[in-house]
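What's in data_34.cif: mmCIF, C-alpha atoms
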```cif
data_query
loop_
_atom_site.label_atom_id
_atom_site.label_comp_id
_atom_site.auth_asym_id
_atom_site.auth_seq_id
_atom_site.Cartn_x
_atom_site.Cartn_y
_atom_site.Cartn_z
CA MET A 1 -71.26 46.38 5.73
CA GLY A 2 -70.80 46.82 2.02
CA CYS A 3 -68.66 44.10 0.50
CA PHE A 4 -66.08 44.90 -2.13
CA VAL A 5 -64.58 43.02 -5.03
CA SER A 6 -61.45 44.03 -6.94
CA THR A 7 -60.83 42.27 -10.21
CA PRO A 8 -57.36 42.61 -11.79
CA LYS A 9 -57.05 42.75 -15.55
CA ASP A 10 -60.79 42.72 -16.18
CA SER A 11 -61.44 45.35 -18.80
CA GLY A 12 -65.17 44.89 -19.01
CA GLY A 13 -65.29 46.22 -22.56
CA ASN A 14 -64.83 49.88 -21.64
CA ARG A 15 -61.14 49.59 -20.90
CA ARG A 16 -58.98 51.57 -23.27
CA ARG A 17 -55.60 52.92 -22.25
CA PRO A 18 -54.45 55.71 -24.58
CA GLY A 19 -50.78 55.51 -25.48
CA ASN A 20 -50.57 59.28 -25.99
CA ILE A 21 -52.77 61.87 -24.31
CA GLY A 22 -51.65 64.80 -26.44
CA GLU A 23 -50.92 68.30 -25.16
CA VAL A 24 -51.15 68.82 -21.43
CA SER A 25 -51.49 72.12 -19.62
CA VAL A 26 -53.51 70.49 -16.84
CA TYR A 27 -52.80 66.86 -16.03
CA VAL A 28 -55.98 64.82 -15.96
CA PRO A 29 -55.56 61.50 -14.11
CA GLY A 30 -56.94 58.23 -15.40
CA LEU A 31 -60.68 58.17 -15.88
CA ARG A 32 -63.02 55.95 -13.84
CA ILE A 33 -65.84 54.37 -15.85
CA PRO A 34 -69.07 53.03 -14.32
CA LYS A 35 -70.30 49.62 -15.43
CA PRO A 36 -74.01 48.81 -15.84
CA VAL A 37 -76.10 48.14 -12.72
CA ASP A 38 -79.71 46.92 -12.70
CA PHE A 39 -81.37 48.54 -9.70
CA SER A 40 -84.50 46.39 -10.11
CA LEU A 41 -82.60 43.23 -9.11
CA SER A 42 -81.76 44.55 -5.65
CA LEU A 43 -84.38 47.25 -5.12
CA GLY A 44 -87.36 45.96 -7.07
CA ASP A 45 -89.17 44.82 -3.91
CA GLN A 46 -87.98 47.82 -1.88
CA LEU A 47 -88.92 50.81 -4.02
CA PRO A 48 -91.78 51.75 -6.35
CA LYS A 49 -91.24 50.85 -9.97
CA THR A 50 -91.11 54.48 -11.11
CA LEU A 51 -88.23 55.29 -8.74
CA VAL A 52 -86.27 52.19 -9.72
CA GLU A 53 -86.77 52.99 -13.39
CA ARG A 54 -85.58 56.54 -12.82
CA LEU A 55 -82.42 55.36 -11.06
CA ASN A 56 -81.78 52.92 -13.91
CA ALA A 57 -82.36 55.54 -16.60
CA LEU A 58 -80.15 58.19 -14.98
CA ARG A 59 -77.26 55.83 -14.33
CA THR A 60 -77.50 54.10 -17.72
CA ARG A 61 -77.22 57.50 -19.37
CA ILE A 62 -73.95 58.06 -17.50
CA VAL A 63 -72.63 54.57 -18.34
CA VAL A 64 -73.29 55.10 -22.06
CA MET A 65 -71.91 58.63 -22.21
CA ALA A 66 -68.82 57.82 -20.12
CA GLY A 67 -68.16 54.73 -22.22
CA GLN A 68 -68.26 56.80 -25.40
CA GLU A 69 -66.14 59.56 -23.90
CA ALA A 70 -63.59 57.30 -22.19
CA PRO A 71 -61.28 56.68 -25.17
CA THR A 72 -60.71 60.40 -25.67
CA ILE A 73 -61.58 62.19 -22.42
CA THR A 74 -57.97 62.53 -21.33
CA ARG A 75 -56.67 63.24 -24.82
CA THR A 76 -56.32 66.74 -26.17
CA ARG A 77 -59.41 67.82 -27.99
CA ARG A 78 -60.08 71.44 -28.72
CA LYS A 79 -63.68 70.81 -29.72
CA SER A 80 -66.08 68.10 -28.65
CA ALA A 81 -69.52 68.55 -30.20
CA THR A 82 -72.46 66.19 -29.93
CA GLN A 83 -75.20 65.76 -32.48
CA HIS A 84 -77.45 67.76 -30.16
CA GLY A 85 -74.90 70.58 -29.91
CA GLY A 86 -72.71 71.57 -27.00
CA SER A 87 -69.87 69.76 -25.30
CA THR A 88 -69.94 66.04 -24.60
CA MET A 89 -68.09 66.67 -21.34
CA ALA A 90 -70.66 69.27 -20.32
CA ASP A 91 -73.49 66.84 -21.13
CA LEU A 92 -71.87 64.09 -19.08
CA HIS A 93 -71.31 66.52 -16.21
CA GLN A 94 -74.99 67.46 -16.33
CA ALA A 95 -75.97 63.79 -16.32
CA LEU A 96 -73.92 63.31 -13.14
CA GLU A 97 -75.59 66.30 -11.50
CA ASP A 98 -79.03 64.95 -12.46
CA TYR A 99 -78.24 61.52 -11.00
CA LEU A 100 -76.71 62.61 -7.69
CA PRO A 101 -79.87 63.91 -5.91
CA VAL A 102 -81.75 60.72 -6.78
CA LEU A 103 -78.82 58.51 -5.78
CA LEU A 104 -78.58 60.25 -2.38
CA GLY A 105 -82.02 58.89 -1.52
CA LEU A 106 -80.33 55.52 -0.97
CA VAL A 107 -78.27 56.93 1.92
CA LYS A 108 -80.89 59.25 3.42
CA ASP A 109 -81.09 59.01 7.22
CA GLY A 110 -78.76 56.00 7.21
CA SER A 111 -81.19 53.93 5.13
CA HIS A 112 -80.46 50.21 4.83
CA LEU A 113 -80.90 50.65 1.07
CA GLN A 114 -77.35 52.00 0.82
CA TYR A 115 -76.04 48.44 1.16
CA LYS A 116 -78.42 46.77 -1.32
CA VAL A 117 -76.77 47.63 -4.64
CA GLN A 118 -73.31 46.59 -5.80
CA PHE A 119 -71.76 49.45 -7.75
CA VAL A 120 -68.99 48.60 -10.21
CA TRP A 121 -66.41 50.98 -11.65
CA VAL A 122 -63.41 50.41 -13.90
CA ASN A 123 -60.23 52.26 -12.88
CA GLN A 124 -57.35 53.52 -14.99
CA GLU A 125 -55.00 54.29 -12.10
CA ASP A 126 -55.22 51.05 -10.16
CA GLU A 127 -53.76 47.63 -10.87
CA ALA A 128 -57.02 46.13 -9.61
CA GLU A 129 -58.79 47.60 -12.57
CA GLU A 130 -62.37 46.83 -11.61
CA THR A 131 -63.72 47.64 -8.15
CA ALA A 132 -67.19 46.73 -6.92
CA MET A 133 -68.61 47.81 -3.57
CA SER A 134 -72.05 47.32 -2.07
CA ASN A 135 -72.25 50.76 -0.56
CA ALA A 136 -74.00 53.76 -2.11
CA TRP A 137 -71.47 56.15 -0.56
CA TYR A 138 -68.85 54.53 -2.82
CA GLU A 139 -71.05 55.48 -5.77
CA VAL A 140 -71.38 59.06 -4.47
CA LEU A 141 -67.59 59.26 -4.07
CA SER A 142 -67.08 57.95 -7.60
CA ILE A 143 -69.56 60.48 -9.02
CA LEU A 144 -67.81 63.41 -7.32
CA HIS A 145 -64.43 62.16 -8.55
CA LEU A 146 -65.72 61.94 -12.12
CA MET A 147 -67.19 65.46 -11.88
CA ALA A 148 -63.76 66.71 -10.78
CA ILE A 149 -61.94 64.88 -13.58
CA LEU A 150 -64.31 66.28 -16.20
CA SER A 151 -63.71 69.78 -14.83
CA LEU A 152 -59.92 69.31 -15.02
CA SER A 153 -60.36 68.15 -18.64
CA GLN A 154 -62.35 71.28 -19.39
CA ALA A 155 -59.64 73.46 -17.80
CA ASN A 156 -56.97 71.71 -19.88
CA LEU A 157 -58.80 72.51 -23.10
CA LEU A 158 -59.19 76.15 -22.09
CA LEU A 159 -55.49 76.49 -21.28
CA LEU A 160 -54.05 75.08 -24.51
CA PRO A 161 -52.56 77.99 -26.49
CA ARG A 162 -54.32 78.78 -29.75
CA THR A 163 -52.74 80.35 -32.79
CA SER A 164 -53.97 83.91 -33.08
CA THR A 165 -55.45 85.29 -36.30
CA ASP A 166 -52.77 88.00 -36.44
CA GLY A 167 -50.05 85.38 -36.82
CA HIS A 168 -48.42 85.99 -33.45
CA GLN A 169 -47.29 83.29 -31.05
CA PRO A 170 -50.00 80.91 -29.79
CA LYS A 171 -51.59 82.25 -26.62
CA VAL A 172 -54.37 81.69 -24.12
CA SER A 173 -56.97 84.45 -23.98
CA GLU A 174 -57.64 86.35 -20.77
CA GLU A 175 -61.23 85.14 -20.93
CA SER A 176 -60.07 81.51 -20.97
CA ARG A 177 -57.66 82.13 -18.12
CA ARG A 178 -60.34 83.71 -15.93
CA ALA A 179 -62.78 80.90 -16.76
CA SER A 180 -60.14 78.29 -15.86
CA ILE A 181 -59.67 79.78 -12.39
CA ASP A 182 -63.42 79.36 -11.73
CA ILE A 183 -63.19 75.76 -12.95
CA PHE A 184 -60.19 75.02 -10.73
CA LEU A 185 -62.05 76.33 -7.67
CA LYS A 186 -65.11 74.27 -8.59
CA THR A 187 -62.93 71.17 -9.07
CA ALA A 188 -61.30 71.72 -5.69
CA GLY A 189 -64.78 72.07 -4.19
CA TYR A 190 -65.90 68.67 -5.48
CA LEU A 191 -62.77 67.02 -4.13
CA ASP A 192 -62.89 68.83 -0.79
CA CYS A 193 -66.49 67.66 -0.39
CA ALA A 194 -65.43 64.10 -1.25
CA VAL A 195 -62.76 64.14 1.47
CA ARG A 196 -64.75 65.93 4.16
CA GLN A 197 -68.32 64.74 3.63
CA VAL A 198 -68.22 61.43 1.78
CA LEU A 199 -65.09 59.48 2.81
CA PRO A 200 -66.05 59.63 6.53
CA GLN A 201 -69.34 57.87 5.67
CA LEU A 202 -67.51 54.76 4.50
CA PRO A 203 -66.52 52.08 7.03
CA ALA A 204 -62.80 51.84 7.77
CA GLU A 205 -62.48 48.51 5.96
CA LEU A 206 -63.99 49.87 2.75
CA ARG A 207 -61.82 52.98 2.94
CA ARG A 208 -58.73 50.78 3.15
CA ASN A 209 -59.86 48.86 0.08
CA LEU A 210 -60.81 51.78 -2.12
CA PRO A 211 -59.01 51.86 -5.47
CA VAL A 212 -55.90 54.01 -5.27
CA ASP A 213 -57.42 56.76 -7.44
CA LEU A 214 -60.01 57.31 -4.69
CA ALA A 215 -57.49 57.19 -1.84
CA GLU A 216 -57.67 60.21 0.43
CA GLY A 217 -54.11 61.25 -0.47
CA VAL A 218 -54.89 61.28 -4.20
CA LEU A 219 -58.12 63.25 -3.68
CA ARG A 220 -56.30 65.81 -1.53
CA ALA A 221 -53.43 66.03 -4.03
CA LEU A 222 -55.88 66.66 -6.87
CA CYS A 223 -57.61 69.36 -4.82
CA LEU A 224 -54.29 71.07 -4.11
CA GLN A 225 -53.24 70.66 -7.76
CA ALA A 226 -56.37 72.53 -8.85
CA LEU A 227 -55.64 75.34 -6.38
CA GLY A 228 -51.96 75.44 -7.36
CA GLN A 229 -52.81 75.75 -11.05
CA GLY A 230 -55.35 78.43 -10.22
CA VAL A 231 -52.63 80.49 -8.51
CA ASP A 232 -50.33 79.86 -11.49
CA ILE A 233 -52.93 81.50 -13.74
CA GLN A 234 -53.28 84.39 -11.29
CA LEU A 235 -49.51 84.88 -11.34
CA GLY A 236 -49.48 84.90 -15.14
CA MET A 237 -52.19 87.56 -15.16
CA ALA A 238 -50.25 89.59 -12.58
CA ILE A 239 -47.16 89.41 -14.80
CA ASP A 240 -49.22 90.82 -17.68
CA SER A 241 -50.62 93.60 -15.49
CA THR A 242 -48.77 96.89 -15.22
CA LYS A 243 -50.40 97.48 -11.81
CA ALA A 244 -49.18 94.30 -10.08
CA THR A 245 -46.16 94.93 -7.85
CA LEU A 246 -43.19 92.64 -7.30
CA ALA A 247 -44.56 91.96 -3.81
CA VAL A 248 -47.84 90.70 -5.26
CA LYS A 249 -46.05 88.45 -7.73
CA ARG A 250 -43.74 87.08 -5.02
CA ARG A 251 -46.69 86.32 -2.75
CA LEU A 252 -48.51 84.44 -5.52
CA ALA A 253 -45.38 82.48 -6.40
CA CYS A 254 -44.74 81.57 -2.76
CA GLU A 255 -48.36 80.48 -2.28
CA MET A 256 -48.02 78.34 -5.40
CA VAL A 257 -44.99 76.61 -3.85
CA LYS A 258 -47.03 75.71 -0.75
CA TYR A 259 -49.93 74.26 -2.76
CA TRP A 260 -47.63 72.06 -4.83
CA GLN A 261 -45.55 71.05 -1.82
CA GLN A 262 -48.70 69.91 0.00
CA ALA A 263 -49.87 68.09 -3.13
CA GLN A 264 -46.54 66.26 -3.30
CA ASP A 265 -46.69 65.42 0.41
CA ASN A 266 -50.10 63.80 -0.10
CA ILE A 267 -49.19 61.76 -3.15
CA MET A 268 -45.54 60.77 -2.74
CA ASN A 269 -46.06 57.70 -0.48
CA LEU A 270 -49.06 56.21 -2.28
CA PRO A 271 -48.64 52.99 -4.30
CA LEU A 272 -48.91 54.69 -7.70
CA SER A 273 -46.71 52.21 -9.49
CA ASN A 274 -48.52 52.03 -12.84
CA GLY A 275 -48.37 54.54 -15.69
CA TRP A 276 -51.23 56.90 -14.83
CA GLY A 277 -50.39 57.23 -11.16
CA GLU A 278 -46.65 57.53 -11.72
CA LYS A 279 -47.25 60.18 -14.38
CA HIS A 280 -49.43 62.10 -11.92
CA ARG A 281 -46.59 62.06 -9.42
CA TYR A 282 -44.16 63.34 -12.08
CA PHE A 283 -46.55 66.17 -12.91
CA VAL A 284 -46.81 67.29 -9.28
CA LYS A 285 -43.02 67.14 -8.87
CA TRP A 286 -42.48 69.17 -12.06
CA LYS A 287 -44.93 71.88 -11.05
CA TYR A 288 -43.50 72.05 -7.52
CA ILE A 289 -39.99 72.65 -8.88
CA GLU A 290 -41.32 75.17 -11.40
CA ALA A 291 -43.13 77.06 -8.62
CA LYS A 292 -39.93 77.24 -6.58
CA ALA A 293 -38.10 78.74 -9.57
CA ALA A 294 -40.75 81.47 -9.79
CA ALA A 295 -40.78 82.13 -6.02
CA TYR A 296 -36.99 82.44 -5.71
CA TYR A 297 -36.88 84.68 -8.77
CA TYR A 298 -39.31 87.23 -7.35
CA HIS A 299 -37.82 86.91 -3.88
CA GLY A 300 -34.42 87.66 -5.38
CA LEU A 301 -35.66 90.74 -7.20
CA ILE A 302 -37.16 92.16 -4.01
CA LEU A 303 -34.03 91.42 -1.97
CA ASP A 304 -31.97 93.17 -4.63
CA GLU A 305 -33.95 96.34 -3.98
CA GLY A 306 -32.29 96.52 -0.54
CA ASN A 307 -29.41 98.87 0.13
CA THR A 308 -27.09 96.57 2.04
CA GLU A 309 -24.38 94.18 1.02
CA LYS A 310 -26.22 91.42 2.84
CA SER A 311 -29.46 91.95 0.94
CA HIS A 312 -27.64 92.03 -2.39
CA GLY A 313 -25.78 88.85 -1.46
CA MET A 314 -29.04 87.15 -0.52
CA ALA A 315 -30.55 88.35 -3.79
CA VAL A 316 -27.80 86.68 -5.78
CA ALA A 317 -28.27 83.44 -3.85
CA ALA A 318 -32.04 83.54 -4.44
CA LEU A 319 -31.64 84.20 -8.16
CA GLN A 320 -29.07 81.43 -8.47
CA ALA A 321 -31.54 79.11 -6.76
CA ALA A 322 -34.22 80.23 -9.21
CA ASP A 323 -31.91 79.44 -12.11
CA GLU A 324 -31.06 76.01 -10.71
CA TYR A 325 -34.71 75.17 -10.09
CA PHE A 326 -35.57 76.39 -13.58
CA LYS A 327 -32.98 74.03 -15.09
CA GLU A 328 -34.21 71.21 -12.86
CA SER A 329 -37.82 71.89 -13.90
CA LYS A 330 -36.88 71.27 -17.53
CA LYS A 331 -35.63 67.80 -16.58
CA ALA A 332 -38.75 67.15 -14.49
CA CYS A 333 -40.90 68.26 -17.41
CA GLU A 334 -39.12 65.82 -19.73
CA ALA A 335 -39.59 62.99 -17.22
CA PHE A 336 -43.31 63.79 -17.13
CA THR A 337 -43.79 63.88 -20.90
CA VAL A 338 -42.04 60.54 -21.54
CA ALA A 339 -43.77 58.70 -18.68
CA PRO A 340 -46.62 56.56 -20.02
CA PRO A 341 -49.10 57.52 -21.29
CA LEU A 342 -46.97 59.83 -23.41
CA SER A 343 -47.86 63.51 -23.61
CA ARG A 344 -46.70 66.71 -25.26
CA ASN A 345 -46.14 70.15 -23.83
CA PRO A 346 -48.03 72.97 -25.54
CA PRO A 347 -46.03 76.05 -26.64
CA LEU A 348 -44.80 78.04 -23.64
CA TRP A 349 -47.17 80.75 -22.47
CA GLY A 350 -48.09 82.66 -19.34
CA THR A 351 -45.90 82.48 -16.26
CA MET A 352 -43.26 80.09 -17.58
CA LYS A 353 -42.90 81.76 -20.96
CA TYR A 354 -42.04 84.99 -19.16
CA LEU A 355 -39.78 83.35 -16.58
CA SER A 356 -37.97 81.18 -19.13
CA GLU A 357 -36.68 84.40 -20.65
CA LYS A 358 -36.18 86.42 -17.46
CA ILE A 359 -34.63 83.96 -15.01
CA PRO A 360 -31.43 83.10 -16.99
CA LYS A 361 -30.97 86.71 -18.13
CA ASP A 362 -31.56 88.42 -14.79
CA THR A 363 -29.63 85.83 -12.81
CA SER A 364 -26.56 86.20 -15.02
CA SER A 365 -26.75 89.98 -14.88
CA LYS A 366 -27.29 90.29 -11.12
CA VAL A 367 -24.64 87.73 -10.26
CA ARG A 368 -22.06 89.47 -12.45
CA ILE A 369 -22.81 92.92 -11.02
CA ASN A 370 -22.82 91.83 -7.40
CA ARG A 371 -19.72 89.66 -7.68
CA ASP A 372 -17.92 92.70 -9.07
CA LEU A 373 -19.11 94.82 -6.14
CA TYR A 374 -18.61 92.42 -3.26
CA SER A 375 -16.11 89.81 -2.21
CA HIS A 376 -17.01 86.16 -2.60
CA GLU A 377 -17.55 85.87 1.15
CA LYS A 378 -20.44 88.35 0.98
CA ILE A 379 -22.35 86.18 -1.49
CA MET A 380 -24.49 83.53 0.19
CA GLU A 381 -23.86 80.02 -1.05
CA THR A 382 -27.29 78.79 0.06
CA ALA A 383 -30.61 80.31 -0.91
CA PRO A 384 -32.45 82.40 1.69
CA THR A 385 -35.69 81.03 3.13
CA LEU A 386 -38.78 81.96 1.17
CA PRO A 387 -41.33 84.10 3.03
CA ASP A 388 -44.31 82.19 4.40
CA PHE A 389 -47.70 83.52 3.27
CA ALA A 390 -51.15 82.27 4.24
CA LEU A 391 -52.89 80.50 1.36
CA ALA A 392 -55.55 82.76 -0.11
CA LEU A 393 -57.19 80.55 -2.72
CA LYS A 394 -59.79 78.19 -1.25
CA PRO A 395 -62.03 75.52 -2.82
CA ASP A 396 -65.59 76.48 -3.68
CA GLU A 397 -67.90 75.46 -0.84
CA TYR A 398 -69.63 72.65 -2.69
CA GLN A 399 -72.34 70.82 -0.73
CA LEU A 400 -74.04 67.58 -1.69
CA PRO A 401 -77.46 68.38 -3.19
CA ALA A 402 -80.70 67.76 -1.33
CA VAL A 403 -82.33 64.38 -1.87
CA ASP A 404 -84.62 64.43 -4.89
CA PRO A 405 -88.26 65.22 -3.94
CA SER A 406 -89.46 61.97 -5.52
CA TRP A 407 -88.14 60.13 -2.46
CA ASN A 408 -90.27 62.20 -0.10
CA GLU A 409 -93.33 61.72 -2.29
CA ASN A 410 -92.90 57.96 -2.25
CA ILE A 411 -92.34 57.91 1.52
CA LYS A 412 -95.57 59.86 2.07
CA GLN A 413 -97.41 57.32 -0.04
CA GLY A 414 -95.90 54.46 2.00
CA GLN A 415 -94.32 52.96 -1.09
CA ILE A 416 -90.80 52.48 0.28
CA GLY A 417 -89.70 49.56 2.46
CA SER A 418 -90.69 49.73 6.14
CA ASN A 419 -87.10 50.22 7.33
CA VAL A 420 -86.86 53.42 5.31
CA VAL A 421 -90.17 54.71 6.64
CA LYS A 422 -89.02 54.11 10.19
CA SER A 423 -85.69 55.80 9.67
CA ASP A 424 -87.40 58.79 8.09
CA LYS A 425 -89.68 59.22 11.13
CA ARG A 426 -86.81 59.31 13.60
#
```
Show me the file's structure as structure tokens.
Amino acid sequence: MGCFVSTPKDSGGNRRRPGNIGEVSVYVPGLRIPKPVDFSLSLGDQLPKTLVERLNALRTRIVVMAGQEAPTITRTRRKSATQHGGSTMADLHQALEDYLPVLLGLVKDGSHLQYKVQFVWVNQEDEAEETAMSNAWYEVLSILHLMAILSLSQANLLLLPRTSTDGHQPKVSEESRRASIDIFLKTAGYLDCAVRQVLPQLPAELRRNLPVDLAEGVLRALCLQALGQGVDIQLGMAIDSTKATLAVKRRLACEMVKYWQQAQDNIMNLPLSNGWGEKHRYFVKWKYIEAKAAAYYYHGLILDEGNTEKSHGMAVAALQAADEYFKESKKACEAFTVAPPLSRNPPLWGTMKYLSEKIPKDTSSKVRINRDLYSHEKIMETAPTLPDFALALKPDEYQLPAVDPSWNENIKQGQIGSNVVKSDKR
């Protein structure tokens, strides 16, 4: 049930691929844009006119706002004000939240109405650019994905360094960093809900034919990316704190490695051959390598606190690994920025600003001291294994909202098709 149609190279008027997405602290994958749907054509004889009109109005609002926002949503914009005040992204997010409870009425109690409407979305990460499916769960999945993408866009804007009024180096305020962690957890919650609660509702055939940006691996990778970037911010705040111990910093860095490794595992074998998808893969690879540089650095510092030749030798090996991963991360970063659509890196700040200064300096110093103290044989040539910590950061527990009360009111009045009434009584 629920046919699908994929149309290559059909832009539908809303299709605009930016050639440059500006500064990127948080990579935001290609946006998915809904195309107009007239609910009255398929539901006019199934639902009361007021409910059909409400569905039309709520979704049309999203189509219009997303169409206006699409050309710039993934580009760097430090301010996005509407004529009514506030953020355009926030308004679009609210429109999605308003629509979702009403949309869920189509799938309530397994209603046959979920198969009546063909929902059409335009994709930026899939070669089959336009995907239509006659299944309301596909629409729910698309809405959750768009909510997550908007949240990542919001986090990116918060984490772009701003020039301070005192003329010092551009920086990200502690308030923005704390707010971004909340956003990352919320983003991960949307995506976790999509994977756990929505994907299983789709028949196997439809799941196989979902556009690649809605593939389970991509959704999981995005969820893990959000958590990994959240830990990165936590690590940066720990570095700035005089109370945070080396053990705390090492734990955060090692957890960050695991998040990015899992993200890479989920995304590496997917057919992301076009620009957006390939760039996403480059971003995950870059951040994974960067995380390993941080983890080996702090692991090396802790090992160096030991009093044995072996621990000092292991410390040198860990710091050398950190230095090698740091150099490799620079190359991975360059590969990411030049992959289409082009992007720029903001001025260094936070974790990597600190480590870019400390890793080369401390590695050189520790290696020189220990090589003077011990014979070459005592220095490990391979890096020691990183400690394995349980992952502490979890997605917010987002649940799909309750079906809008208007559906219950209409059922009580006997205004919805007989199949729905029967399913509601079961």
For range 199-295 of chain A against range 321-332 of chain A, with a cut-off of 6 Å and counting all atoms listed in the file, what is the closest atom pair and its distance in Å to one decimal for every residue that makes the cut, ordered by chain and number, as CSV?
```
residue,atom,partner,partner_atom,distance
A:Trp286,CA,A:Ala332,CA,4.9
A:Ile289,CA,A:Ser329,CA,5.5
A:Glu290,CA,A:Ser329,CA,5.4
A:Ala293,CA,A:Ala322,CA,4.2
```
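With all atoms listed in the file as the atoms that count, the minimum distance from Leu210 in chain A to the choices A:Tyr115, A:Pro401, A:Ser365, A:Glu139 is reached by A:Glu139.
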Point out the residue among A:Val52, A:Leu222, A:Val117, A:Leu103 with the least atom-to-atom distance to Pro395 in chain A, counting only C-alpha atoms.
A:Leu222
Nearest to Leu58 in chain A, restricted to all atoms listed in the file and choosing among A:Pro170, A:Gly189, A:Pro36, A:Pro341, comes out as A:Pro36
Using only C-alpha atoms, determine which residues lie at most 9 Å from range 254-260 of chain A, disregarding the query and same-chain residues fewer than 2 positions distant; provide the list as a PyMOL selection string.
chain A and resi 221+224-225+227-232+235+249-252+262-265+284-285+287-292+294-296+299+386-393
Using Å and a single decimal, report how far CA of Thr187 in chain A sits from CA of Leu104 in chain A.
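For CA of Leu104 in chain A relative to CA of Thr187 in chain A, the distance reads 20.2 Å.
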Applied to the shown file, which residues does the PyMOL selection byres ((chain A and resi 340) around 10) return, written as a PyMOL selection string?
chain A and resi 17-21+274-279+335-339+341-343
List the residues matched by the PyMOL selection byres ((chain A and resi 351-354) around 10) in the displayed structure as number ranges by chain, ordered by chain and then by residue number.
A: 232-240, 253, 290-291, 293-294, 326, 347-350, 355-359
Okay, now the selection with C-alpha atoms, as a PDB file, in the frame of the given file?
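What landed in out_3.pdb:
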```pdb
ATOM      1  CA  ASP A 232     -50.330  79.860 -11.490  1.00  0.00           C
ATOM      2  CA  ILE A 233     -52.930  81.500 -13.740  1.00  0.00           C
ATOM      3  CA  GLN A 234     -53.280  84.390 -11.290  1.00  0.00           C
ATOM      4  CA  LEU A 235     -49.510  84.880 -11.340  1.00  0.00           C
ATOM      5  CA  GLY A 236     -49.480  84.900 -15.140  1.00  0.00           C
ATOM      6  CA  MET A 237     -52.190  87.560 -15.160  1.00  0.00           C
ATOM      7  CA  ALA A 238     -50.250  89.590 -12.580  1.00  0.00           C
ATOM      8  CA  ILE A 239     -47.160  89.410 -14.800  1.00  0.00           C
ATOM      9  CA  ASP A 240     -49.220  90.820 -17.680  1.00  0.00           C
ATOM     10  CA  ALA A 253     -45.380  82.480  -6.400  1.00  0.00           C
ATOM     11  CA  GLU A 290     -41.320  75.170 -11.400  1.00  0.00           C
ATOM     12  CA  ALA A 291     -43.130  77.060  -8.620  1.00  0.00           C
ATOM     13  CA  ALA A 293     -38.100  78.740  -9.570  1.00  0.00           C
ATOM     14  CA  ALA A 294     -40.750  81.470  -9.790  1.00  0.00           C
ATOM     15  CA  PHE A 326     -35.570  76.390 -13.580  1.00  0.00           C
ATOM     16  CA  PRO A 347     -46.030  76.050 -26.640  1.00  0.00           C
ATOM     17  CA  LEU A 348     -44.800  78.040 -23.640  1.00  0.00           C
ATOM     18  CA  TRP A 349     -47.170  80.750 -22.470  1.00  0.00           C
ATOM     19  CA  GLY A 350     -48.090  82.660 -19.340  1.00  0.00           C
ATOM     20  CA  LEU A 355     -39.780  83.350 -16.580  1.00  0.00           C
ATOM     21  CA  SER A 356     -37.970  81.180 -19.130  1.00  0.00           C
ATOM     22  CA  GLU A 357     -36.680  84.400 -20.650  1.00  0.00           C
ATOM     23  CA  LYS A 358     -36.180  86.420 -17.460  1.00  0.00           C
ATOM     24  CA  ILE A 359     -34.630  83.960 -15.010  1.00  0.00           C
TER      25      ILE A 359
END
```
Let me know the centre plus edge lengths, in Å and rounded to one decimal, of a box with edges along x, y and z that contains all listed atoms of range 355-362 of chain A and is padded by 4 Å on every side, as lines of an AutoDock Vina configuration file.
```
center_x = -35.4
center_y = 84.8
center_z = -17.7
size_x = 16.8
size_y = 15.2
size_z = 13.9
```
